[in-house]
Amino acid sequence: MDTTGTATATTTDEHSGAFTLENLKRILREGAGADESVDFDGEILDTDFEELGYESLALLETCGRIEREYGITLDDSVVGDVRTPRRMVEVVNEHLDRVTPA
């Protein structure tokens with residue numbers, strides 16, 4: 001929020017150019033919530049999204065939020081092919097590397 005209390009858009013510049021697990025967890029929670037039975041603060045990097053309670057619709061919403069927030073376009077195959085948070089973070093960072101000047 002800015003000094004007037006108005007929510008402001010987040011840009012890649014404010015993200016230091018890297019997408020992290022913490023960014024992903026925040027976006028997942030904002031878009032689809034979190035399953036109370038899952039220890040979201042535990043070791044989830046290599047846990048399948050379905051085990052974490054996220055089906056394809058939740059991942060579609062998550063990808064859409066990532067695209068808008070980070071100014072990238074993810075391939076349609078991401079929802080079907082990316083099964084773990086680790087891989088999602090890698091894929092987003094690969095896309096960010098393509099659009100961020102070196």
# chains A, B, ... in the order shown; residues from 1 in each chain; ligands from 1
>>> residues_around(residues="Ala58 in chain A", least_positions_apart="5", cutoff="8 Å", atoms="only C-alpha atoms", output="list of chain:residue names")
A:Leu28, A:Gly31, A:Ala32
>>> write_last_selection(atoms="N, CA and C atoms", output="PDB file, in the first residue's frame")
ATOM      1  N   LEU A  28      -0.221 -18.497  -4.081  1.00  0.00           N
ATOM      2  CA  LEU A  28      -1.125 -19.629  -3.894  1.00  0.00           C
ATOM      3  C   LEU A  28      -2.168 -19.317  -2.833  1.00  0.00           C
ATOM      4  N   GLY A  31      -4.714 -16.659  -4.098  1.00  0.00           N
ATOM      5  CA  GLY A  31      -5.598 -17.098  -5.165  1.00  0.00           C
ATOM      6  C   GLY A  31      -6.477 -18.276  -4.823  1.00  0.00           C
ATOM      7  N   ALA A  32      -5.944 -19.206  -4.045  1.00  0.00           N
ATOM      8  CA  ALA A  32      -6.692 -20.438  -3.801  1.00  0.00           C
ATOM      9  C   ALA A  32      -6.758 -20.831  -2.332  1.00  0.00           C
TER      10      ALA A  32
END
>>> closest_residue(among="A:Arg29, A:Leu21, A:Val78, A:Arg83", to="Leu60 in chain A", atoms="only C-alpha atoms")
A:Val78
>>> residues_around(residues="Ile44 in chain A", least_positions_apart="5", cutoff="12 Å", atoms="only C-alpha atoms", output="number ranges by chain")
A: 21-22, 24-25, 38-39, 49-53, 83-88
>>> write_last_selection(atoms="C-alpha atoms", output="PDB file, in the first residue's frame")
ATOM      1  CA  LEU A  21       9.167 -20.160  -2.926  1.00  0.00           C
ATOM      2  CA  GLU A  22       7.878 -17.438  -0.609  1.00  0.00           C
ATOM      3  CA  LEU A  24       4.766 -18.731  -4.821  1.00  0.00           C
ATOM      4  CA  LYS A  25       3.283 -19.514  -1.395  1.00  0.00           C
ATOM      5  CA  VAL A  38      -0.875 -29.074   4.978  1.00  0.00           C
ATOM      6  CA  ASP A  39       2.194 -27.678   6.749  1.00  0.00           C
ATOM      7  CA  PHE A  49       0.690 -29.733  -5.897  1.00  0.00           C
ATOM      8  CA  GLU A  50      -2.209 -32.212  -5.593  1.00  0.00           C
ATOM      9  CA  GLU A  51      -0.814 -33.420  -2.244  1.00  0.00           C
ATOM     10  CA  LEU A  52      -0.749 -29.772  -1.169  1.00  0.00           C
ATOM     11  CA  GLY A  53      -4.425 -29.458  -2.092  1.00  0.00           C
ATOM     12  CA  ARG A  83       3.914 -30.786 -10.552  1.00  0.00           C
ATOM     13  CA  THR A  84       5.912 -29.290  -7.639  1.00  0.00           C
ATOM     14  CA  PRO A  85       6.641 -25.877  -6.139  1.00  0.00           C
ATOM     15  CA  ARG A  86      10.350 -26.337  -6.947  1.00  0.00           C
ATOM     16  CA  ARG A  87       9.592 -26.763 -10.648  1.00  0.00           C
ATOM     17  CA  MET A  88       7.136 -23.836 -10.659  1.00  0.00           C
TER      18      MET A  88
END
>>> closest_residue(among="A:Val82, A:Ala18, A:Val91, A:Ala34", to="Leu59 in chain A", atoms="only C-alpha atoms")
A:Val82
>>> atom_distance(atom1="CA of Thr73 in chain A", atom2="CA of Asn23 in chain A")
16.8 Å
>>> decode(residues="range 86-102 of chain A", atoms="all heavy atoms", output="PDB file, in the first residue's frame")
ATOM      1  N   ARG A  86       8.973 -26.547  -6.465  1.00  0.00           N
ATOM      2  CA  ARG A  86      10.350 -26.337  -6.947  1.00  0.00           C
ATOM      3  C   ARG A  86      10.346 -26.075  -8.456  1.00  0.00           C
ATOM      4  O   ARG A  86      10.969 -25.152  -8.943  1.00  0.00           O
ATOM      5  CB  ARG A  86      11.237 -27.545  -6.649  1.00  0.00           C
ATOM      6  CG  ARG A  86      12.663 -27.375  -7.194  1.00  0.00           C
ATOM      7  CD  ARG A  86      13.517 -28.616  -7.020  1.00  0.00           C
ATOM      8  NE  ARG A  86      13.561 -29.114  -5.662  1.00  0.00           N
ATOM      9  CZ  ARG A  86      14.395 -28.665  -4.703  1.00  0.00           C
ATOM     10  NH1 ARG A  86      15.252 -27.701  -4.980  1.00  0.00           N
ATOM     11  NH2 ARG A  86      14.366 -29.188  -3.495  1.00  0.00           N
ATOM     12  N   ARG A  87       9.618 -26.910  -9.185  1.00  0.00           N
ATOM     13  CA  ARG A  87       9.592 -26.763 -10.648  1.00  0.00           C
ATOM     14  C   ARG A  87       8.891 -25.481 -11.059  1.00  0.00           C
ATOM     15  O   ARG A  87       9.317 -24.834 -12.022  1.00  0.00           O
ATOM     16  CB  ARG A  87       8.939 -27.990 -11.294  1.00  0.00           C
ATOM     17  CG  ARG A  87       9.042 -27.975 -12.788  1.00  0.00           C
ATOM     18  CD  ARG A  87      10.493 -28.042 -13.269  1.00  0.00           C
ATOM     19  NE  ARG A  87      10.531 -27.819 -14.708  1.00  0.00           N
ATOM     20  CZ  ARG A  87      11.367 -26.982 -15.320  1.00  0.00           C
ATOM     21  NH1 ARG A  87      12.286 -26.329 -14.663  1.00  0.00           N
ATOM     22  NH2 ARG A  87      11.297 -26.814 -16.617  1.00  0.00           N
ATOM     23  N   MET A  88       7.836 -25.085 -10.337  1.00  0.00           N
ATOM     24  CA  MET A  88       7.136 -23.836 -10.659  1.00  0.00           C
ATOM     25  C   MET A  88       8.084 -22.653 -10.481  1.00  0.00           C
ATOM     26  O   MET A  88       8.137 -21.767 -11.335  1.00  0.00           O
ATOM     27  CB  MET A  88       5.900 -23.662  -9.780  1.00  0.00           C
ATOM     28  CG  MET A  88       5.142 -22.372 -10.061  1.00  0.00           C
ATOM     29  SD  MET A  88       4.309 -22.339 -11.670  1.00  0.00           S
ATOM     30  CE  MET A  88       2.841 -23.278 -11.278  1.00  0.00           C
ATOM     31  N   VAL A  89       8.833 -22.634  -9.396  1.00  0.00           N
ATOM     32  CA  VAL A  89       9.790 -21.546  -9.162  1.00  0.00           C
ATOM     33  C   VAL A  89      10.826 -21.524 -10.286  1.00  0.00           C
ATOM     34  O   VAL A  89      11.159 -20.461 -10.817  1.00  0.00           O
ATOM     35  CB  VAL A  89      10.453 -21.693  -7.775  1.00  0.00           C
ATOM     36  CG1 VAL A  89      11.644 -20.746  -7.624  1.00  0.00           C
ATOM     37  CG2 VAL A  89       9.426 -21.443  -6.668  1.00  0.00           C
ATOM     38  N   GLU A  90      11.327 -22.695 -10.687  1.00  0.00           N
ATOM     39  CA  GLU A  90      12.310 -22.766 -11.772  1.00  0.00           C
ATOM     40  C   GLU A  90      11.735 -22.235 -13.079  1.00  0.00           C
ATOM     41  O   GLU A  90      12.386 -21.445 -13.777  1.00  0.00           O
ATOM     42  CB  GLU A  90      12.774 -24.213 -11.970  1.00  0.00           C
ATOM     43  CG  GLU A  90      13.606 -24.760 -10.846  1.00  0.00           C
ATOM     44  CD  GLU A  90      13.856 -26.261 -10.952  1.00  0.00           C
ATOM     45  OE1 GLU A  90      13.218 -26.941 -11.793  1.00  0.00           O
ATOM     46  OE2 GLU A  90      14.685 -26.755 -10.175  1.00  0.00           O
ATOM     47  N   VAL A  91      10.517 -22.656 -13.421  1.00  0.00           N
ATOM     48  CA  VAL A  91       9.893 -22.231 -14.681  1.00  0.00           C
ATOM     49  C   VAL A  91       9.667 -20.728 -14.695  1.00  0.00           C
ATOM     50  O   VAL A  91       9.969 -20.055 -15.689  1.00  0.00           O
ATOM     51  CB  VAL A  91       8.568 -22.993 -14.920  1.00  0.00           C
ATOM     52  CG1 VAL A  91       7.750 -22.360 -16.037  1.00  0.00           C
ATOM     53  CG2 VAL A  91       8.856 -24.452 -15.233  1.00  0.00           C
ATOM     54  N   VAL A  92       9.166 -20.180 -13.605  1.00  0.00           N
ATOM     55  CA  VAL A  92       8.933 -18.727 -13.552  1.00  0.00           C
ATOM     56  C   VAL A  92      10.256 -17.989 -13.684  1.00  0.00           C
ATOM     57  O   VAL A  92      10.361 -17.016 -14.437  1.00  0.00           O
ATOM     58  CB  VAL A  92       8.192 -18.329 -12.264  1.00  0.00           C
ATOM     59  CG1 VAL A  92       8.145 -16.814 -12.116  1.00  0.00           C
ATOM     60  CG2 VAL A  92       6.778 -18.914 -12.264  1.00  0.00           C
ATOM     61  N   ASN A  93      11.294 -18.449 -13.005  1.00  0.00           N
ATOM     62  CA  ASN A  93      12.597 -17.782 -13.106  1.00  0.00           C
ATOM     63  C   ASN A  93      13.191 -17.900 -14.503  1.00  0.00           C
ATOM     64  O   ASN A  93      13.842 -16.965 -14.970  1.00  0.00           O
ATOM     65  CB  ASN A  93      13.559 -18.302 -12.034  1.00  0.00           C
ATOM     66  CG  ASN A  93      13.299 -17.645 -10.703  1.00  0.00           C
ATOM     67  OD1 ASN A  93      13.102 -16.433 -10.619  1.00  0.00           O
ATOM     68  ND2 ASN A  93      13.266 -18.439  -9.659  1.00  0.00           N
ATOM     69  N   GLU A  94      12.952 -19.024 -15.192  1.00  0.00           N
ATOM     70  CA  GLU A  94      13.405 -19.148 -16.579  1.00  0.00           C
ATOM     71  C   GLU A  94      12.735 -18.089 -17.453  1.00  0.00           C
ATOM     72  O   GLU A  94      13.383 -17.468 -18.298  1.00  0.00           O
ATOM     73  CB  GLU A  94      13.083 -20.552 -17.116  1.00  0.00           C
ATOM     74  CG  GLU A  94      13.944 -21.635 -16.522  1.00  0.00           C
ATOM     75  CD  GLU A  94      13.418 -23.043 -16.798  1.00  0.00           C
ATOM     76  OE1 GLU A  94      12.448 -23.211 -17.584  1.00  0.00           O
ATOM     77  OE2 GLU A  94      13.971 -23.990 -16.212  1.00  0.00           O
ATOM     78  N   HIS A  95      11.442 -17.863 -17.238  1.00  0.00           N
ATOM     79  CA  HIS A  95      10.723 -16.848 -18.005  1.00  0.00           C
ATOM     80  C   HIS A  95      11.200 -15.442 -17.635  1.00  0.00           C
ATOM     81  O   HIS A  95      11.343 -14.585 -18.509  1.00  0.00           O
ATOM     82  CB  HIS A  95       9.211 -16.969 -17.776  1.00  0.00           C
ATOM     83  CG  HIS A  95       8.573 -18.052 -18.580  1.00  0.00           C
ATOM     84  ND1 HIS A  95       8.675 -19.380 -18.236  1.00  0.00           N
ATOM     85  CD2 HIS A  95       7.849 -18.002 -19.713  1.00  0.00           C
ATOM     86  CE1 HIS A  95       8.030 -20.098 -19.127  1.00  0.00           C
ATOM     87  NE2 HIS A  95       7.517 -19.298 -20.045  1.00  0.00           N
ATOM     88  N   LEU A  96      11.445 -15.213 -16.358  1.00  0.00           N
ATOM     89  CA  LEU A  96      11.943 -13.898 -15.932  1.00  0.00           C
ATOM     90  C   LEU A  96      13.319 -13.618 -16.519  1.00  0.00           C
ATOM     91  O   LEU A  96      13.612 -12.484 -16.903  1.00  0.00           O
ATOM     92  CB  LEU A  96      12.000 -13.816 -14.407  1.00  0.00           C
ATOM     93  CG  LEU A  96      10.660 -13.696 -13.693  1.00  0.00           C
ATOM     94  CD1 LEU A  96      10.849 -13.817 -12.193  1.00  0.00           C
ATOM     95  CD2 LEU A  96       9.975 -12.378 -14.056  1.00  0.00           C
ATOM     96  N   ASP A  97      14.162 -14.646 -16.617  1.00  0.00           N
ATOM     97  CA  ASP A  97      15.500 -14.468 -17.184  1.00  0.00           C
ATOM     98  C   ASP A  97      15.418 -14.033 -18.654  1.00  0.00           C
ATOM     99  O   ASP A  97      16.279 -13.297 -19.131  1.00  0.00           O
ATOM    100  CB  ASP A  97      16.313 -15.764 -17.093  1.00  0.00           C
ATOM    101  CG  ASP A  97      16.786 -16.049 -15.687  1.00  0.00           C
ATOM    102  OD1 ASP A  97      16.734 -15.133 -14.834  1.00  0.00           O
ATOM    103  OD2 ASP A  97      17.191 -17.200 -15.428  1.00  0.00           O
ATOM    104  N   ARG A  98      14.377 -14.482 -19.349  1.00  0.00           N
ATOM    105  CA  ARG A  98      14.213 -14.120 -20.764  1.00  0.00           C
ATOM    106  C   ARG A  98      13.795 -12.667 -20.948  1.00  0.00           C
ATOM    107  O   ARG A  98      14.077 -12.064 -21.975  1.00  0.00           O
ATOM    108  CB  ARG A  98      13.164 -15.002 -21.432  1.00  0.00           C
ATOM    109  CG  ARG A  98      13.612 -16.418 -21.593  1.00  0.00           C
ATOM    110  CD  ARG A  98      12.570 -17.221 -22.338  1.00  0.00           C
ATOM    111  NE  ARG A  98      12.664 -18.601 -21.912  1.00  0.00           N
ATOM    112  CZ  ARG A  98      11.671 -19.427 -21.792  1.00  0.00           C
ATOM    113  NH1 ARG A  98      10.449 -19.036 -22.079  1.00  0.00           N
ATOM    114  NH2 ARG A  98      11.854 -20.665 -21.398  1.00  0.00           N
ATOM    115  N   VAL A  99      13.074 -12.103 -19.971  1.00  0.00           N
ATOM    116  CA  VAL A  99      12.569 -10.739 -20.129  1.00  0.00           C
ATOM    117  C   VAL A  99      13.365  -9.711 -19.349  1.00  0.00           C
ATOM    118  O   VAL A  99      13.216  -8.518 -19.560  1.00  0.00           O
ATOM    119  CB  VAL A  99      11.075 -10.627 -19.717  1.00  0.00           C
ATOM    120  CG1 VAL A  99      10.214 -11.471 -20.625  1.00  0.00           C
ATOM    121  CG2 VAL A  99      10.859 -10.949 -18.271  1.00  0.00           C
ATOM    122  N   THR A 100      14.249 -10.153 -18.438  1.00  0.00           N
ATOM    123  CA  THR A 100      15.038  -9.240 -17.632  1.00  0.00           C
ATOM    124  C   THR A 100      16.387  -9.019 -18.295  1.00  0.00           C
ATOM    125  O   THR A 100      17.107  -9.973 -18.558  1.00  0.00           O
ATOM    126  CB  THR A 100      15.252  -9.798 -16.213  1.00  0.00           C
ATOM    127  OG1 THR A 100      13.974 -10.078 -15.643  1.00  0.00           O
ATOM    128  CG2 THR A 100      15.988  -8.815 -15.339  1.00  0.00           C
ATOM    129  N   PRO A 101      16.740  -7.753 -18.575  1.00  0.00           N
ATOM    130  CA  PRO A 101      18.048  -7.482 -19.175  1.00  0.00           C
ATOM    131  C   PRO A 101      19.175  -7.909 -18.252  1.00  0.00           C
ATOM    132  O   PRO A 101      19.075  -7.793 -17.040  1.00  0.00           O
ATOM    133  CB  PRO A 101      18.064  -5.962 -19.383  1.00  0.00           C
ATOM    134  CG  PRO A 101      16.793  -5.442 -18.878  1.00  0.00           C
ATOM    135  CD  PRO A 101      15.980  -6.563 -18.324  1.00  0.00           C
ATOM    136  N   ALA A 102      20.253  -8.413 -18.834  1.00  0.00           N
ATOM    137  CA  ALA A 102      21.402  -8.882 -18.032  1.00  0.00           C
ATOM    138  C   ALA A 102      22.199  -7.730 -17.484  1.00  0.00           C
ATOM    139  O   ALA A 102      22.183  -6.645 -17.929  1.00  0.00           O
ATOM    140  CB  ALA A 102      22.282  -9.757 -18.893  1.00  0.00           C
TER     141      ALA A 102
END
